$ cat structure-v9.cif   # mmCIF, C-alpha atoms and all ligand atoms
data_model
#
loop_
_atom_site.label_atom_id
_atom_site.label_comp_id
_atom_site.auth_asym_id
_atom_site.auth_seq_id
_atom_site.Cartn_x
_atom_site.Cartn_y
_atom_site.Cartn_z
CA MET A 116 3.72 -16.37 -1.97
CA THR A 117 5.62 -13.68 -0.08
CA THR A 118 5.16 -10.00 -0.95
CA LEU A 119 7.81 -7.58 0.30
CA ARG A 120 8.27 -3.82 0.00
CA THR A 121 11.46 -3.08 1.95
CA ILE A 122 15.15 -3.88 1.46
CA PRO A 123 15.95 -5.38 4.90
CA GLU A 124 13.04 -7.83 4.56
CA LEU A 125 14.13 -8.65 1.04
CA ARG A 126 17.73 -9.37 2.07
CA GLN A 127 16.50 -11.58 4.89
CA TRP A 128 14.25 -13.52 2.51
CA ARG A 129 17.12 -13.87 0.01
CA SER A 130 19.47 -15.28 2.66
CA ARG A 131 17.05 -18.16 3.22
CA VAL A 132 16.63 -19.33 -0.38
CA GLY A 133 19.07 -20.96 -2.78
CA ARG A 134 19.07 -20.71 -6.55
CA LEU A 135 16.86 -17.83 -7.65
CA ALA A 136 15.44 -16.67 -10.97
CA LEU A 137 14.25 -13.06 -11.26
CA VAL A 138 11.63 -11.61 -13.60
CA PRO A 139 11.78 -7.79 -13.47
CA THR A 140 8.50 -6.12 -14.50
CA MET A 141 6.60 -2.87 -14.24
CA GLY A 142 3.37 -4.73 -13.45
CA ALA A 143 0.09 -4.62 -15.38
CA LEU A 144 0.95 -8.24 -15.94
CA HIS A 145 -0.20 -10.25 -18.96
CA ALA A 146 0.52 -13.62 -20.56
CA GLY A 147 3.91 -12.36 -21.80
CA HIS A 148 5.04 -11.80 -18.23
CA VAL A 149 3.57 -15.17 -17.18
CA SER A 150 5.61 -16.92 -19.87
CA LEU A 151 8.75 -15.33 -18.37
CA MET A 152 7.72 -16.65 -14.94
CA LYS A 153 7.32 -20.16 -16.40
CA ILE A 154 10.72 -19.98 -18.08
CA ALA A 155 12.22 -18.64 -14.84
CA ARG A 156 10.86 -21.71 -13.02
CA GLU A 157 12.74 -23.99 -15.45
CA HIS A 158 15.99 -22.35 -14.34
CA ALA A 159 15.68 -22.21 -10.55
CA ASP A 160 13.82 -23.61 -7.54
CA HIS A 161 12.71 -20.13 -6.51
CA VAL A 162 11.17 -17.43 -8.69
CA ALA A 163 11.00 -13.75 -7.76
CA VAL A 164 9.03 -11.13 -9.69
CA SER A 165 9.69 -7.45 -9.14
CA ILE A 166 6.81 -5.07 -9.79
CA PHE A 167 8.12 -1.52 -9.91
CA VAL A 168 7.12 1.27 -12.29
CA ASN A 169 10.59 2.77 -12.51
CA PRO A 170 10.35 6.56 -12.78
CA THR A 171 13.94 6.97 -14.00
CA GLN A 172 13.26 5.24 -17.31
CA PHE A 173 10.40 7.58 -18.27
CA ALA A 174 11.04 10.96 -19.90
CA ALA A 175 9.09 13.96 -18.61
CA HIS A 176 6.47 13.83 -21.39
CA GLU A 177 5.94 10.05 -21.18
CA ASP A 178 3.19 8.00 -19.52
CA LEU A 179 4.64 7.51 -15.99
CA SER A 180 1.65 8.93 -14.12
CA LYS A 181 -0.95 7.11 -16.20
CA TYR A 182 0.99 3.81 -16.40
CA PRO A 183 -1.47 1.11 -15.17
CA ARG A 184 -0.87 -0.21 -11.63
CA PRO A 185 -3.45 -2.97 -10.99
CA LEU A 186 -1.56 -4.42 -8.02
CA GLU A 187 -4.20 -6.83 -6.69
CA ALA A 188 -4.72 -8.39 -10.13
CA ASP A 189 -0.93 -8.61 -10.58
CA LEU A 190 -0.50 -10.40 -7.26
CA SER A 191 -3.19 -12.93 -8.23
CA ILE A 192 -1.43 -13.59 -11.53
CA CYS A 193 1.88 -14.15 -9.71
CA ARG A 194 0.24 -16.44 -7.15
CA GLU A 195 -1.43 -18.43 -9.93
CA ALA A 196 1.92 -18.75 -11.74
CA GLY A 197 3.55 -20.22 -8.62
CA VAL A 198 5.85 -17.26 -7.96
CA ASP A 199 7.63 -17.42 -4.58
CA LEU A 200 8.34 -13.74 -4.02
CA VAL A 201 6.93 -10.46 -5.29
CA PHE A 202 9.13 -7.46 -4.57
CA ASN A 203 7.01 -4.32 -4.90
CA PRO A 204 8.98 -1.44 -3.40
CA PRO A 205 7.74 2.15 -3.17
CA VAL A 206 9.80 4.70 -5.10
CA GLU A 207 11.38 6.05 -1.86
CA VAL A 208 12.77 2.59 -1.06
CA MET A 209 14.46 2.27 -4.44
CA TYR A 210 15.62 5.90 -4.64
CA PRO A 211 15.96 7.28 -1.10
CA SER A 212 18.46 9.92 -2.15
CA GLY A 213 16.74 10.88 -5.39
CA ALA A 214 16.94 9.35 -8.83
CA MET A 215 19.95 9.06 -11.12
CA ASP A 216 22.63 9.23 -8.47
CA VAL A 217 24.56 6.50 -10.28
CA VAL A 218 24.51 6.20 -14.05
CA ILE A 219 25.43 3.13 -16.05
CA ASP A 220 25.48 3.59 -19.78
CA LEU A 221 26.51 1.54 -22.79
CA PRO A 222 26.58 4.34 -25.35
CA SER A 223 27.32 2.20 -28.41
CA LEU A 224 24.14 0.20 -27.78
CA THR A 225 21.90 2.95 -26.42
CA ALA A 226 22.49 5.78 -28.91
CA VAL A 227 20.15 4.21 -31.49
CA LEU A 228 16.56 2.96 -31.84
CA GLU A 229 14.74 3.22 -28.47
CA GLY A 230 17.69 5.06 -26.93
CA GLN A 231 17.64 7.69 -29.65
CA LYS A 232 13.88 8.19 -29.47
CA ARG A 233 13.72 8.02 -25.67
CA PRO A 234 16.84 9.86 -24.41
CA GLY A 235 17.84 8.66 -20.94
CA HIS A 236 15.55 5.63 -21.09
CA PHE A 237 18.28 3.01 -20.93
CA LYS A 238 20.14 4.86 -18.17
CA GLY A 239 17.00 4.39 -16.10
CA VAL A 240 16.64 0.76 -17.17
CA CYS A 241 20.28 -0.01 -16.34
CA GLN A 242 19.98 1.80 -13.02
CA VAL A 243 16.92 -0.11 -11.86
CA VAL A 244 18.08 -3.50 -13.16
CA ALA A 245 21.50 -3.03 -11.54
CA LYS A 246 19.81 -2.25 -8.23
CA LEU A 247 17.48 -5.24 -8.55
CA PHE A 248 20.43 -7.50 -9.37
CA ASN A 249 22.33 -6.24 -6.30
CA LEU A 250 19.32 -6.54 -4.03
CA LEU A 251 18.04 -9.93 -5.16
CA GLU A 252 21.33 -11.52 -6.28
CA PRO A 253 19.54 -13.78 -8.75
CA ASP A 254 21.36 -16.62 -10.49
CA VAL A 255 19.19 -16.12 -13.57
CA ALA A 256 17.13 -13.20 -14.89
CA CYS A 257 14.52 -13.48 -17.64
CA PHE A 258 13.88 -10.74 -20.20
CA GLY A 259 11.53 -10.68 -23.19
CA GLN A 260 12.70 -10.39 -26.79
CA LYS A 261 9.75 -8.04 -27.30
CA ASP A 262 12.08 -5.40 -25.80
CA TYR A 263 15.03 -6.64 -27.82
CA GLN A 264 17.32 -3.67 -27.28
CA GLN A 265 16.69 -3.79 -23.52
CA LEU A 266 17.57 -7.50 -23.48
CA ARG A 267 20.81 -6.82 -25.39
CA VAL A 268 21.77 -3.80 -23.23
CA ILE A 269 21.25 -5.78 -20.02
CA THR A 270 23.15 -8.78 -21.36
CA ALA A 271 26.04 -6.48 -22.28
CA MET A 272 25.87 -4.69 -18.92
CA GLY A 273 26.08 -8.04 -17.09
CA GLU A 274 29.06 -9.13 -19.18
CA SER A 275 30.90 -5.81 -18.76
CA LEU A 276 30.39 -5.69 -15.00
CA ASP A 277 31.09 -9.42 -14.50
CA TRP A 278 27.75 -10.14 -12.90
CA PRO A 279 27.42 -13.91 -12.42
CA ILE A 280 23.81 -13.81 -13.65
CA ASP A 281 22.55 -15.72 -16.67
CA ILE A 282 20.34 -13.49 -18.79
CA VAL A 283 17.69 -15.67 -20.42
CA PRO A 284 16.01 -14.33 -23.58
CA CYS A 285 12.32 -15.23 -23.75
CA PRO A 286 10.17 -15.29 -26.91
CA THR A 287 7.52 -12.66 -27.59
CA ILE A 288 3.99 -13.76 -26.68
CA ARG A 289 1.26 -12.55 -29.05
CA GLU A 290 -2.51 -12.42 -29.26
CA VAL A 291 -3.93 -14.90 -31.78
CA ASP A 292 -4.20 -12.11 -34.34
CA GLY A 293 -0.49 -11.29 -33.97
CA LEU A 294 -0.50 -8.23 -31.71
CA ALA A 295 2.44 -8.51 -29.28
CA LEU A 296 1.18 -8.42 -25.70
CA SER A 297 2.06 -5.20 -23.94
CA SER A 298 0.87 -3.44 -20.80
CA ARG A 299 0.29 -0.42 -23.04
CA ASN A 300 -2.25 -2.30 -25.23
CA ARG A 301 -4.88 -1.46 -22.63
CA TYR A 302 -4.67 2.19 -23.73
CA LEU A 303 -5.90 1.24 -27.24
CA SER A 304 -9.50 1.81 -28.33
CA PRO A 305 -10.98 -1.08 -30.39
CA GLU A 306 -10.36 0.93 -33.56
CA GLU A 307 -6.76 1.71 -32.58
CA ARG A 308 -6.14 -1.91 -31.66
CA GLN A 309 -7.23 -2.91 -35.17
CA ARG A 310 -4.80 -0.41 -36.69
CA ALA A 311 -2.03 -1.57 -34.34
CA LEU A 312 -2.21 -5.00 -35.99
CA SER A 313 -0.34 -3.45 -38.92
CA ILE A 314 2.85 -3.67 -36.81
CA SER A 315 2.93 -7.46 -36.53
CA ARG A 316 1.52 -7.74 -40.07
CA ALA A 317 4.46 -5.67 -41.37
CA LEU A 318 6.92 -7.96 -39.61
CA ARG A 319 5.29 -11.12 -40.98
CA GLN A 320 5.33 -9.62 -44.51
CA VAL A 321 9.06 -8.96 -44.44
CA GLU A 322 9.79 -12.35 -42.90
CA ARG A 323 8.14 -13.84 -45.98
CA GLN A 324 10.09 -11.49 -48.25
CA VAL A 325 13.38 -12.59 -46.71
CA GLN A 326 12.39 -16.24 -47.13
CA ALA A 327 11.58 -15.48 -50.77
CA GLY A 328 15.14 -14.21 -51.29
CA HIS A 329 14.69 -10.43 -50.92
CA HIS A 330 17.62 -9.37 -48.80
CA GLN A 331 17.99 -5.64 -49.50
CA THR A 332 16.93 -3.97 -46.29
CA ASN A 333 15.85 -0.77 -48.09
CA ARG A 334 13.08 -2.74 -49.70
CA LEU A 335 12.14 -4.51 -46.46
CA ILE A 336 12.01 -1.20 -44.60
CA THR A 337 9.82 0.34 -47.31
CA THR A 338 7.41 -2.58 -47.12
CA MET A 339 7.09 -2.16 -43.36
CA GLN A 340 6.70 1.62 -43.58
CA ASN A 341 3.95 1.32 -46.20
CA THR A 342 2.00 -1.20 -44.13
CA LEU A 343 2.17 1.07 -41.07
CA LEU A 344 1.31 4.22 -43.02
CA GLU A 345 -1.73 2.57 -44.62
CA GLN A 346 -3.16 2.42 -41.10
CA HIS A 347 -2.03 5.98 -40.32
CA LEU A 348 0.46 4.98 -37.65
CA ALA A 349 3.06 7.62 -36.76
CA ILE A 350 6.42 5.92 -37.29
CA ASP A 351 9.18 6.53 -34.75
CA TYR A 352 11.57 4.18 -36.54
CA VAL A 353 11.65 1.16 -38.81
CA ALA A 354 15.13 -0.32 -38.78
CA ALA A 355 17.21 -3.25 -39.95
CA VAL A 356 20.22 -3.72 -37.69
CA ASP A 357 22.78 -6.23 -36.54
CA PRO A 358 21.24 -7.80 -33.40
CA VAL A 359 24.50 -7.58 -31.42
CA SER A 360 25.99 -4.20 -32.40
CA PHE A 361 22.76 -2.48 -33.56
CA ARG A 362 24.63 -1.14 -36.58
CA ASN A 363 22.44 -0.63 -39.64
CA VAL A 364 22.71 -3.39 -42.22
CA SER A 365 22.01 -2.93 -45.92
CA GLU A 366 21.58 -6.60 -46.77
CA VAL A 367 20.34 -9.59 -44.80
CA THR A 368 23.39 -11.85 -45.04
CA SER A 369 23.18 -13.14 -41.46
CA ARG A 370 20.80 -12.82 -38.51
CA THR A 371 19.23 -9.36 -38.68
CA LEU A 372 16.89 -7.56 -36.33
CA LEU A 373 13.95 -5.80 -37.95
CA ALA A 374 12.50 -3.40 -35.40
CA ILE A 375 9.48 -1.10 -35.38
CA ALA A 376 8.39 1.67 -33.04
CA ALA A 377 5.20 3.49 -33.92
CA ARG A 378 2.39 5.42 -32.31
CA VAL A 379 -1.28 4.59 -32.68
CA GLY A 380 -3.04 7.69 -31.45
CA THR A 381 -1.10 8.54 -28.28
CA THR A 382 0.01 4.97 -27.58
CA ARG A 383 3.58 4.09 -28.50
CA LEU A 384 4.15 0.43 -29.39
CA ILE A 385 7.29 -1.53 -30.29
CA ASP A 386 7.81 -4.92 -31.87
CA ASN A 387 10.55 -6.76 -33.75
CA THR A 388 11.57 -9.95 -35.48
CA LEU A 389 14.85 -11.69 -36.20
CA VAL A 390 15.32 -12.80 -39.79
CA GLU A 391 17.96 -14.92 -41.43
CA PRO A 392 18.65 -15.72 -45.08
CA PRO A 393 17.18 -19.14 -45.98
P1 LIG B 1 7.49 -4.56 -18.68
O1 LIG B 1 6.61 -4.86 -17.52
O2 LIG B 1 6.76 -4.09 -19.89
O3 LIG B 1 8.67 -3.71 -18.31
O4 LIG B 1 8.11 -5.95 -19.13
C1 LIG B 1 8.72 -6.82 -18.21
C2 LIG B 1 9.36 -7.96 -18.97
O5 LIG B 1 8.36 -8.65 -19.71
C3 LIG B 1 10.41 -7.49 -19.98
O6 LIG B 1 11.49 -8.40 -19.96
C4 LIG B 1 9.65 -7.55 -21.28
O7 LIG B 1 10.48 -7.73 -22.40
C5 LIG B 1 8.77 -8.75 -21.06
N1 LIG B 1 7.62 -8.74 -21.96
C6 LIG B 1 6.77 -7.71 -22.19
N2 LIG B 1 5.87 -8.04 -23.13
C7 LIG B 1 6.16 -9.31 -23.52
C8 LIG B 1 5.60 -10.22 -24.47
N3 LIG B 1 4.56 -9.89 -25.22
N4 LIG B 1 6.18 -11.43 -24.60
C9 LIG B 1 7.25 -11.77 -23.84
N5 LIG B 1 7.82 -10.97 -22.93
C10 LIG B 1 7.29 -9.75 -22.77
#
$ encode --input "structure-v9.cif" --output "C-alpha cells" --more "lines below"
Ligand code: AMP
Amino acid sequence: MTTLRTIPELRQWRSRVGRLALVPTMGALHAGHVSLMKIAREHADHVAVSIFVNPTQFAAHEDLSKYPRPLEADLSICREAGVDLVFNPPVEVMYPSGAMDVVIDLPSLTAVLEGQKRPGHFKGVCQVVAKLFNLLEPDVACFGQKDYQQLRVITAMGESLDWPIDIVPCPTIREVDGLALSSRNRYLSPEERQRALSISRALRQVERQVQAGHHQTNRLITTMQNTLLEQHLAIDYVAAVDPVSFRNVSEVTSRTLLAIAARVGTTRLIDNTLVEPP
C-alpha cells in the first residue's frame, strides 16, 4: 500500500494506474468505511482512500480540533482491506492559499436539513470533494447513504459539472443493536450510547408504520420525535422529504427519505431510512 501526502507524488502515482475507485473519508475508520472500500474494489482494479479532516466543512463551534485522528490504526485498516493508495495530505497541501477560495454550492439541495443546521457545511464538502476528484481523477467514487444529503449533493454536483465519475451509493453499516457506525460514536459514554439507540429504533418503528399502511408523514414524524424525546435527545430535525429534491412530503406515496439529526449530550448524530408504500 502506498501512502502519499503531496500533490506531485499523487499525480505521478495516478499516471501509472488505470481504472480507479476513490473512497473519500475523514479517517477514524470503522466497518462502514471498510464496506465502502470493498464496494470500491468491485468497481475498479485500484482503490484509493483519502484521509483528510477537512476544516472547511466544520463551523467555528464544531468538533474540528477534537475530531479523532488515529492515523496508524487507519493505515492498518486500509492495508487489511487491500487498499492501493492512501492520500493523507496536510491542510497546507489542500489549501495553500487559504480555505474557501472557490465555492461550489447547490442551494436548492443545501438550504435544508444538514445544510440548514450546519451553514456552510456543504460548501466545504463540495470544495474538498471537487479537489479530490480533480487530483485523483477517479472513475468511480463511493459514498455512504448514512450521509444521504451529502451523497445526493455530490451526485448532483457531478452531474451539473459533467464529471465523468460514477457516484456509487453504499448502504449504511450498523452495530448489531442498530446504531449506525460513525466516527463520532467514540465520543459517546456507555449511557449516551444506550440513549443513542433511540435514533435507529425510531427509524425502524416508522418503517413498520409505513408497511402497516400509515402514510401521513405528520404521524411518522411525531412517532420519531417521541422516541427520541423519551431518551432526552436534543432534536435538530426530524424530516420526511423527497430523496431527490429534499422537498417536504406530507404523505408517503413514493420513495421518501426519513431523516434524523439529534444530539446525545454534546455528540451530534445523524441517521436516515428510505421508505416506500407497500
Ligand atoms: P466520514 O469519514 O464520516 O466523512 O465518512 C466517509 C464516508 O463513509 C462517507 O461517504 C460516509 O457516508 C461513509 N460512512 C460513514 N459511516 C458509514 C456507515 N455507518 N455505513 C456506511 N458508510 C458510512
$ closest_residue --input "structure-v9.cif" --among "A:Leu373, A:Ala196, A:Val367, A:Leu384" --to "ligand LIG 1 (chain B)" --atoms "only C-alpha atoms and all ligand atoms"
A:Leu384
$ closest_residue --input "structure-v9.cif" --among "A:Leu389, A:Ala376, A:Leu276, A:Leu144" --to "A:Val356" --atoms "only C-alpha atoms"
A:Leu389
$ residues_near_ligand --input "structure-v9.cif" --ligand "ligand LIG 1 (chain B)" --cutoff "10 Å" --atoms "only C-alpha atoms and all ligand atoms" --output "PDB file with C-alpha atoms, in the coordinates of the input"
ATOM      1  CA  VAL A 138      11.630 -11.610 -13.600  1.00  0.00           C
ATOM      2  CA  PRO A 139      11.780  -7.790 -13.470  1.00  0.00           C
ATOM      3  CA  THR A 140       8.500  -6.120 -14.500  1.00  0.00           C
ATOM      4  CA  MET A 141       6.600  -2.870 -14.240  1.00  0.00           C
ATOM      5  CA  GLY A 142       3.370  -4.730 -13.450  1.00  0.00           C
ATOM      6  CA  ALA A 143       0.090  -4.620 -15.380  1.00  0.00           C
ATOM      7  CA  LEU A 144       0.950  -8.240 -15.940  1.00  0.00           C
ATOM      8  CA  HIS A 145      -0.200 -10.250 -18.960  1.00  0.00           C
ATOM      9  CA  ALA A 146       0.520 -13.620 -20.560  1.00  0.00           C
ATOM     10  CA  GLY A 147       3.910 -12.360 -21.800  1.00  0.00           C
ATOM     11  CA  HIS A 148       5.040 -11.800 -18.230  1.00  0.00           C
ATOM     12  CA  VAL A 149       3.570 -15.170 -17.180  1.00  0.00           C
ATOM     13  CA  SER A 150       5.610 -16.920 -19.870  1.00  0.00           C
ATOM     14  CA  LEU A 151       8.750 -15.330 -18.370  1.00  0.00           C
ATOM     15  CA  MET A 152       7.720 -16.650 -14.940  1.00  0.00           C
ATOM     16  CA  VAL A 164       9.030 -11.130  -9.690  1.00  0.00           C
ATOM     17  CA  SER A 165       9.690  -7.450  -9.140  1.00  0.00           C
ATOM     18  CA  ILE A 166       6.810  -5.070  -9.790  1.00  0.00           C
ATOM     19  CA  PHE A 167       8.120  -1.520  -9.910  1.00  0.00           C
ATOM     20  CA  VAL A 168       7.120   1.270 -12.290  1.00  0.00           C
ATOM     21  CA  ASN A 169      10.590   2.770 -12.510  1.00  0.00           C
ATOM     22  CA  VAL A 240      16.640   0.760 -17.170  1.00  0.00           C
ATOM     23  CA  ALA A 256      17.130 -13.200 -14.890  1.00  0.00           C
ATOM     24  CA  CYS A 257      14.520 -13.480 -17.640  1.00  0.00           C
ATOM     25  CA  PHE A 258      13.880 -10.740 -20.200  1.00  0.00           C
ATOM     26  CA  GLY A 259      11.530 -10.680 -23.190  1.00  0.00           C
ATOM     27  CA  GLN A 260      12.700 -10.390 -26.790  1.00  0.00           C
ATOM     28  CA  LYS A 261       9.750  -8.040 -27.300  1.00  0.00           C
ATOM     29  CA  ASP A 262      12.080  -5.400 -25.800  1.00  0.00           C
ATOM     30  CA  TYR A 263      15.030  -6.640 -27.820  1.00  0.00           C
ATOM     31  CA  GLN A 264      17.320  -3.670 -27.280  1.00  0.00           C
ATOM     32  CA  GLN A 265      16.690  -3.790 -23.520  1.00  0.00           C
ATOM     33  CA  LEU A 266      17.570  -7.500 -23.480  1.00  0.00           C
ATOM     34  CA  VAL A 283      17.690 -15.670 -20.420  1.00  0.00           C
ATOM     35  CA  PRO A 284      16.010 -14.330 -23.580  1.00  0.00           C
ATOM     36  CA  CYS A 285      12.320 -15.230 -23.750  1.00  0.00           C
ATOM     37  CA  PRO A 286      10.170 -15.290 -26.910  1.00  0.00           C
ATOM     38  CA  THR A 287       7.520 -12.660 -27.590  1.00  0.00           C
ATOM     39  CA  ILE A 288       3.990 -13.760 -26.680  1.00  0.00           C
ATOM     40  CA  ARG A 289       1.260 -12.550 -29.050  1.00  0.00           C
ATOM     41  CA  GLU A 290      -2.510 -12.420 -29.260  1.00  0.00           C
ATOM     42  CA  LEU A 294      -0.500  -8.230 -31.710  1.00  0.00           C
ATOM     43  CA  ALA A 295       2.440  -8.510 -29.280  1.00  0.00           C
ATOM     44  CA  LEU A 296       1.180  -8.420 -25.700  1.00  0.00           C
ATOM     45  CA  SER A 297       2.060  -5.200 -23.940  1.00  0.00           C
ATOM     46  CA  SER A 298       0.870  -3.440 -20.800  1.00  0.00           C
ATOM     47  CA  ARG A 299       0.290  -0.420 -23.040  1.00  0.00           C
ATOM     48  CA  ILE A 385       7.290  -1.530 -30.290  1.00  0.00           C
ATOM     49  CA  ASP A 386       7.810  -4.920 -31.870  1.00  0.00           C
TER      50      ASP A 386
END
$ atom_distance --input "structure-v9.cif" --atom1 "atom CA of A:Arg156" --atom2 "atom CA of A:Leu200"
12.3 Å
$ residues_around --input "structure-v9.cif" --residues "stretch 311-315 of chain A" --least-positions-apart "3" --cutoff "10 Å" --atoms "all atoms listed in the file" --output "number ranges by chain"
A: 289, 292-295, 300, 303, 305-308, 318-320, 339-348, 374-380, 382-388
